[in-house]
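K.L.:
My questions all concern the structure below.
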Amino acid sequence: MKKITFTFCFILLALTTGMAQGYQNLALKDVVDGSFTPENIHGVVPMNDGLHYTQMNPEGTKIIKYSFKTGKAVSTVFDVSTARESKIKSFSSYTYSPEESKILIATERTPIYRHSYTAVHYIFHVERNVLEPLSEGGPQQAPVFSPDGYMIAFVRNYNIYLVKLLYGNSESQVTSDGKFNKILNGIPDWVYEEEFGFNRALEFSADSKMLAYIKFDESKVKSYSFPIFAGEAPRTNDYELYPGQYTYKYPKAGEVNSNVAVYSFDIKSAVTRKLEVPLNAEDYIPRIRFTKDPTKLAVFTLNRHQNRLDLYFVNPRSTVAKLALRDESEFYIEESVLDNVHFYDNNFSFLSEKSGFRHLYWYNMNGNLVKQVTTGDYEVSSFLGWSAKDNTFYYESNEGNPTETTIYKIDAKNKKHILTSKKGINTAVFSGDMSYFMNKYSSFKEPLEITLKDNRGTTLHTLVDNAKLKKELANYNLPTKEMFKFTTDNGDELNGWMMKPTNFDPNHKYPVLMYQYSGPGSQQVLNKWGISWETYMATQGYIVACVDGRGTGGRGEAFKKSTYLYLGVKEADDQVEAAQYLAKQSYVDPDRIGIWGWSFGGYTTIMSMSQGTPIFKTGIAVAPVTDWKYYDTIYGERFMRTPKENFEGYKATSAFTRAHNLNGKLLIVHGMNDDNVHYQNTAEYAECLVQLDKPFDMHVYTNRNHGIYGGNTRYHLYAKLTQYLKDFL
């Protein structure tokens, strides 16, 4: 009772002190609702001329064309109110045809999974200012223009359709065997979409004469089901008395995946061919991409262990495949390299960790290495493009500091140039000819700033400075993040950030809330700006700290992949050591250290509280994995292989194995309709704790997925987390 009273009085003193100085106090609802979200620019589409870009207005009623040089609006490309024959009031996204004479407008968008959705699409003819439906047969999925702009292919009900614009938008059906939970044509199944990060497996050849697509046969993949209740926000009255059920295919670690194959379709002759891609029964095809050469379809394959990536060039007519590139690792290859392969007329880019750090390599179209473009003990996070005009490469990397990113270019003489000078997180979107780029920058102290620069790094125009937000924030006594480092007992130096409470008193001992995600290749310790729930908790009298332990990214392959086959063990050890380090600080109460995380972070929370060192008084695990056997094949096996191959690893990394060591007050939160980390993880672990007579607290959100949002849900969640920490930390 004394401790509770003291904590309350201290928080009250801190709040009243802030008020006395004229500061406002952060309100939880404002933080959760995003009231302090910086102004941003979304959906920038560079145009072919290299001089302009377009973006939607916030209302989703216009597409506006801007100058890369001045940032000024040049014209309105599309307006729902003035387009002829327009029957729509707004739209959610758009896609240009390759020659930019037409725009595909998406309306009535309905999400499916993380990346996929259906929408009712319209074709806008720019010169004629006319809007017309793409198809009258129902919503479409994953539409794509042909390179000549005269056709659009899309998926409906798991089959591929083709619309020919020169023939009165005549529509023909390319496949007919598509069926939910059985055959998917041109779109990935759930696990491919989630873990390989794409939503379309359908491409046109460069000469617009052929289609290529991946067929997913998931008929042998086992299903997972969850109940759907009437609920609220939204409410489904059909389930008021009897719940419904959603069933979909979800391959868990060690189980059967979809059978995949690549097909080509000759548009003129309507002949379909199966391409002879060298593939073992359990291999993956995570991407297909047509190159500039219509006789070369790039097909990427991964073995089931995901430690060998092959790139084949396949002739869509002869069906013959030729191996162009192979990248291998003794651990695994990250899926992110797939989105950094750019095909040009005679060359293509590739990112590889074969040197120990992720670097940029340049190949010719025969698959021969031309040169390694970057080298050193740093990571290239993204390849941004190549200028054929002056043979210059543009990329983003963390050279000099793994917690920051900078935009660079390397010219034809292999001379490196820094294009962004401010220290923090820099990203870039380049114009079509690489002459200009939009730079987004932020740091601990600076909210998002968006500028336009030329390819020498000269700032041409500031688009967003967030001056209004800065002025508003000046009314608040906000905590600030500061970086720190410490060395673990085994000699690893770990990076962290810390927020001390507002009106910090170095002579007082504060409770600590540790936040982490800890997943493979992730980074939470980055010099970037943000106001989050953790910021709010720092205003409530807590020190908030975050440490990136072993397995996280930005520091090379050895550090990141040191957790291979034992995912979660070293991560938990490092969080325990981080807590021990913090406990030694003079301003920390060593008896009041808590830890929390979401998803992988929730898993690491439980693993850390069960590591055997009773350092955490309280923990919160939101949507946690509790055993990798419950998670999907692609992600789980990438880091753990199969349960049959790695029995000891799965046993050692299971929260069930450690459950008898659980120490401290634990709150577990999960959404019942989580299609990613199934509620099964929490339900089974909770039962385990019950049988071990381990006390814990638990909260379940009806009809909510992995994001746990909808209506008042997010606020309710964070209010609950806040109160739990005030009660028990």
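We name chains A, B, ... following the order of the structure tokens; residues begin at 1 in each chain, and ligands are numbered from 1 as shown.
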Considering only C-alpha atoms, tabulate each residue of region 478-595 of chain A that lies at most 10 Å from region 350-372 of chain A along with its nearest interatomic pair and the corresponding distance in Å to one decimal; arrange the rows by chain and ascending residue number and present them as CSV.
P.N.:
residue,atom,partner,partner_atom,distance
A:Gly554,CA,A:Phe357,CA,8.8
A:Arg555,CA,A:Phe357,CA,7.7
A:Gly556,CA,A:Phe357,CA,4.6
A:Glu557,CA,A:Gly356,CA,5.2
A:Ala558,CA,A:Gly356,CA,6.9
A:Phe559,CA,A:Gly356,CA,9.7
K.L.:
Once you have the residues from the selection above, write them out as a compact mmCIF listing (two decimals), in the first residue's frame, restricted to all heavy atoms.
P.N.:
# COMPACT_ATOMS: atom_id res chain seq x y z
N GLY A 554 21.17 -4.80 -39.32
CA GLY A 554 22.02 -3.63 -39.48
C GLY A 554 23.47 -3.83 -39.13
O GLY A 554 24.28 -2.92 -39.32
N ARG A 555 23.83 -5.02 -38.64
CA ARG A 555 25.20 -5.21 -38.13
C ARG A 555 25.89 -6.42 -38.76
O ARG A 555 26.82 -6.97 -38.19
CB ARG A 555 25.16 -5.34 -36.61
CG ARG A 555 24.60 -4.12 -35.91
CD ARG A 555 24.57 -4.25 -34.42
NE ARG A 555 25.89 -4.51 -33.86
CZ ARG A 555 26.13 -4.70 -32.57
NH1 ARG A 555 25.12 -4.65 -31.70
NH2 ARG A 555 27.34 -4.94 -32.13
N GLY A 556 25.42 -6.84 -39.90
CA GLY A 556 26.08 -7.92 -40.61
C GLY A 556 25.47 -9.28 -40.34
O GLY A 556 24.67 -9.47 -39.43
N GLU A 557 25.88 -10.22 -41.18
CA GLU A 557 25.28 -11.55 -41.16
C GLU A 557 25.57 -12.31 -39.87
O GLU A 557 24.70 -12.98 -39.32
CB GLU A 557 25.76 -12.36 -42.36
CG GLU A 557 25.07 -13.71 -42.51
CD GLU A 557 25.53 -14.48 -43.72
OE1 GLU A 557 26.76 -14.51 -43.97
OE2 GLU A 557 24.68 -15.05 -44.42
N ALA A 558 26.79 -12.22 -39.35
CA ALA A 558 27.17 -13.01 -38.18
C ALA A 558 26.32 -12.63 -36.97
O ALA A 558 25.84 -13.50 -36.23
CB ALA A 558 28.65 -12.81 -37.87
N PHE A 559 26.09 -11.34 -36.77
CA PHE A 559 25.30 -10.87 -35.63
C PHE A 559 23.83 -11.25 -35.81
O PHE A 559 23.19 -11.77 -34.90
CB PHE A 559 25.44 -9.36 -35.50
CG PHE A 559 24.77 -8.78 -34.28
CD1 PHE A 559 25.42 -8.77 -33.06
CD2 PHE A 559 23.49 -8.23 -34.36
CE1 PHE A 559 24.81 -8.23 -31.93
CE2 PHE A 559 22.87 -7.69 -33.24
CZ PHE A 559 23.54 -7.69 -32.02
K.L.:
Neighbouring residues of Tyr724 (chain A) were defined as those with any atom within 9 Å, considering only C-alpha atoms; residues of the same chain fewer than 4 positions away were excluded. Please report them as a list in words.
P.N.:
Thr618, Ile620, Leu667, Ala719, Lys720, Phe728 and Leu729 of chain A
K.L.:
Could you save those same residues with N, CA, C and O atoms as a short mmCIF file (atom, residue, chain, number, x, y, z; two decimals), in the first residue's frame?
P.N.:
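Final output, saved to selection19.cif:
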data_model
loop_
_atom_site.label_atom_id
_atom_site.label_comp_id
_atom_site.auth_asym_id
_atom_site.auth_seq_id
_atom_site.Cartn_x
_atom_site.Cartn_y
_atom_site.Cartn_z
N THR A 618 7.19 -7.41 -14.04
CA THR A 618 5.95 -7.42 -14.82
C THR A 618 6.27 -7.54 -16.30
O THR A 618 7.30 -7.04 -16.76
N ILE A 620 4.21 -7.79 -20.42
CA ILE A 620 3.00 -7.78 -21.25
C ILE A 620 3.37 -8.37 -22.61
O ILE A 620 4.27 -7.87 -23.29
N LEU A 667 0.72 -10.36 -18.33
CA LEU A 667 -0.53 -10.14 -19.04
C LEU A 667 -0.34 -10.57 -20.49
O LEU A 667 0.58 -10.11 -21.16
N ALA A 719 -5.11 1.55 -22.92
CA ALA A 719 -5.56 1.94 -21.58
C ALA A 719 -5.38 0.77 -20.62
O ALA A 719 -4.97 0.95 -19.46
N LYS A 720 -5.66 -0.43 -21.11
CA LYS A 720 -5.50 -1.63 -20.28
C LYS A 720 -4.03 -1.87 -19.96
O LYS A 720 -3.66 -2.18 -18.81
N PHE A 728 0.96 -2.98 -11.33
CA PHE A 728 1.91 -4.04 -10.98
C PHE A 728 3.38 -3.72 -11.24
O PHE A 728 4.24 -4.55 -11.02
N LEU A 729 3.68 -2.49 -11.71
CA LEU A 729 5.08 -2.13 -11.90
C LEU A 729 5.43 -0.85 -11.16
O LEU A 729 6.51 -0.76 -10.61
#
K.L.:
Between CA of Leu28 (chain A) and CA of Val464 (chain A), what is the spacing in Å?
P.N.:
26.2 Å
K.L.:
For Glu571 (chain A), which of A:Thr604, A:Thr291, A:Ser532, A:Thr272 is the closest residue, counting only C-alpha atoms?
P.N.:
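For Glu571 (chain A), the nearest of the given residues is A:Thr604.
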K.L.:
Could you pull out all residues of region 517-590 of chain A with a DSSP call of alpha helix (DSSP H) and give them as a short mmCIF file (atom, residue, chain, number, x, y, z; two decimals) with C-alpha atoms, in the first residue's frame?
P.N.:
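The file below, selection.cif, is the result:
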data_model
loop_
_atom_site.label_atom_id
_atom_site.label_comp_id
_atom_site.auth_asym_id
_atom_site.auth_seq_id
_atom_site.Cartn_x
_atom_site.Cartn_y
_atom_site.Cartn_z
CA TRP A 533 2.65 4.80 -26.22
CA GLU A 534 6.19 4.44 -24.88
CA THR A 535 6.53 8.25 -24.98
CA TYR A 536 3.31 8.52 -23.02
CA MET A 537 4.58 6.05 -20.41
CA ALA A 538 7.72 8.14 -19.95
CA THR A 539 5.46 11.09 -19.02
CA GLU A 557 25.28 -11.55 -41.16
CA ALA A 558 27.17 -13.01 -38.18
CA PHE A 559 25.30 -10.87 -35.63
CA LYS A 560 21.90 -11.30 -37.27
CA VAL A 569 17.09 -18.12 -26.80
CA LYS A 570 19.87 -15.56 -27.30
CA GLU A 571 17.28 -12.84 -27.81
CA ALA A 572 15.86 -13.53 -24.33
CA ASP A 573 19.33 -13.77 -22.79
CA ASP A 574 20.17 -10.33 -24.18
CA GLN A 575 16.97 -8.76 -22.82
CA VAL A 576 17.78 -10.21 -19.39
CA GLU A 577 21.30 -8.78 -19.57
CA ALA A 578 19.90 -5.45 -20.70
CA ALA A 579 17.63 -5.44 -17.64
CA GLN A 580 20.58 -6.30 -15.42
CA TYR A 581 22.58 -3.44 -16.92
CA LEU A 582 19.72 -1.00 -16.35
CA ALA A 583 19.24 -2.27 -12.78
#
K.L.:
Can you list every residue in region 484-534 of chain A that DSSP puts in strand (DSSP E), as an mmCIF file with C-alpha atoms, in the first residue's frame?
P.N.:
data_model
loop_
_atom_site.group_PDB
_atom_site.id
_atom_site.type_symbol
_atom_site.label_atom_id
_atom_site.label_comp_id
_atom_site.auth_asym_id
_atom_site.auth_seq_id
_atom_site.Cartn_x
_atom_site.Cartn_y
_atom_site.Cartn_z
ATOM 1 C CA PHE A 484 23.333 4.111 -25.087
ATOM 2 C CA LYS A 485 25.495 1.021 -25.485
ATOM 3 C CA PHE A 486 26.602 -1.727 -23.162
ATOM 4 C CA THR A 487 28.633 -4.913 -23.470
ATOM 5 C CA GLU A 493 28.117 -4.672 -27.668
ATOM 6 C CA LEU A 494 24.399 -3.922 -27.888
ATOM 7 C CA ASN A 495 22.706 -0.695 -28.982
ATOM 8 C CA GLY A 496 19.826 0.827 -27.086
ATOM 9 C CA TRP A 497 17.787 3.963 -26.562
ATOM 10 C CA MET A 498 16.300 5.345 -23.389
ATOM 11 C CA MET A 499 13.611 7.859 -22.508
ATOM 12 C CA TYR A 510 12.407 5.011 -11.268
ATOM 13 C CA PRO A 511 10.583 1.941 -12.579
ATOM 14 C CA VAL A 512 11.747 0.776 -16.020
ATOM 15 C CA LEU A 513 9.614 -0.416 -18.924
ATOM 16 C CA MET A 514 11.627 -2.240 -21.592
ATOM 17 C CA TYR A 515 10.160 -2.374 -25.094
#
K.L.:
Where does region 561-636 of chain A meet region 641-650 of chain A within 8 Å, residue by residue, with the nearest atom pair and distance in Å to one decimal for each, counting only C-alpha atoms, listed by chain and rising number, as a Markdown table?
P.N.:
| residue | atom | partner | partner_atom | distance |
| --- | --- | --- | --- | --- |
| A:Leu565 | CA | A:Gly649 | CA | 5.7 |
| A:Tyr566 | CA | A:Gly649 | CA | 5.1 |
| A:Leu567 | CA | A:Gly649 | CA | 7.9 |
| A:Asp627 | CA | A:Tyr650 | CA | 7.5 |
| A:Trp628 | CA | A:Tyr650 | CA | 6.7 |
| A:Lys629 | CA | A:Pro643 | CA | 6.8 |
| A:Thr633 | CA | A:Thr642 | CA | 8.0 |
| A:Gly636 | CA | A:Arg641 | CA | 7.0 |
K.L.:
Nearest to Ser443 (chain A) among A:Leu338, A:Met210, A:Val525, A:Val31, with distances taken over only C-alpha atoms: which residue is it?
P.N.:
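The answer is A:Val525, which sits nearest to Ser443 (chain A).
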K.L.:
Which residue gives the smallest distance to Glu446 (chain A) among A:Thr488, A:Thr459, A:Asn527, A:Ser97, with only C-alpha atoms counted?
P.N.:
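Going through A:Thr488, A:Thr459, A:Asn527, A:Ser97 one by one, the smallest distance to Glu446 (chain A) is for A:Asn527.
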K.L.:
Excluding Phe145 (chain A) and its own-chain neighbours fewer than 3 positions away, which residues fall within 9 Å of it when counting only C-alpha atoms? Please give them as a list in words.
P.N.:
Thr95, Tyr96, Ser97, Pro98, Leu104, Asp148, Gly149, Tyr150, Met151, Ile152, Ala153, Glu203 and Phe204 of chain A
K.L.:
Could you please take those selected residues and save N, CA, C and O atoms as a CSV table (one decimal), in the first residue's frame?
P.N.:
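Saved file out-v6.csv follows:
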chain,number,residue,atom,x,y,z
A,95,THR,N,-2.9,3.2,-60.7
A,95,THR,CA,-1.7,2.7,-61.4
A,95,THR,C,-1.7,3.2,-62.8
A,95,THR,O,-2.7,3.1,-63.5
A,96,TYR,N,-0.6,3.8,-63.3
A,96,TYR,CA,-0.4,4.2,-64.6
A,96,TYR,C,-0.2,3.0,-65.6
A,96,TYR,O,0.5,2.0,-65.2
A,97,SER,N,-0.6,3.2,-66.8
A,97,SER,CA,-0.2,2.3,-67.9
A,97,SER,C,1.3,2.7,-68.2
A,97,SER,O,1.7,3.8,-67.9
A,98,PRO,N,2.1,1.8,-68.7
A,98,PRO,CA,3.5,2.1,-68.9
A,98,PRO,C,3.8,3.3,-69.7
A,98,PRO,O,4.7,4.0,-69.4
A,104,LEU,N,-5.4,3.2,-64.1
A,104,LEU,CA,-6.3,2.3,-63.5
A,104,LEU,C,-6.7,2.8,-62.1
A,104,LEU,O,-5.8,3.0,-61.2
A,148,ASP,N,2.5,-2.4,-73.6
A,148,ASP,CA,2.0,-1.5,-74.7
A,148,ASP,C,0.8,-0.7,-74.2
A,148,ASP,O,0.3,0.2,-75.0
A,149,GLY,N,0.2,-1.0,-73.1
A,149,GLY,CA,-0.9,-0.3,-72.5
A,149,GLY,C,-2.3,-0.6,-73.1
A,149,GLY,O,-3.3,0.0,-72.8
A,150,TYR,N,-2.3,-1.7,-73.9
A,150,TYR,CA,-3.6,-2.0,-74.6
A,150,TYR,C,-4.3,-3.2,-74.0
A,150,TYR,O,-5.4,-3.6,-74.5
A,151,MET,N,-3.8,-3.8,-72.9
A,151,MET,CA,-4.5,-4.9,-72.2
A,151,MET,C,-4.3,-4.7,-70.7
A,151,MET,O,-3.3,-4.1,-70.3
A,152,ILE,N,-5.2,-5.4,-70.0
A,152,ILE,CA,-5.1,-5.5,-68.6
A,152,ILE,C,-5.5,-6.9,-68.2
A,152,ILE,O,-6.5,-7.4,-68.6
A,153,ALA,N,-4.6,-7.5,-67.4
A,153,ALA,CA,-4.9,-8.8,-66.9
A,153,ALA,C,-5.2,-8.7,-65.4
A,153,ALA,O,-4.7,-7.8,-64.7
A,203,GLU,N,2.3,-11.7,-64.8
A,203,GLU,CA,3.2,-10.7,-65.5
A,203,GLU,C,3.0,-10.8,-67.0
A,203,GLU,O,2.7,-11.8,-67.5
A,204,PHE,N,3.1,-9.6,-67.7
A,204,PHE,CA,3.2,-9.6,-69.1
A,204,PHE,C,4.6,-9.6,-69.6
A,204,PHE,O,5.5,-9.0,-69.0
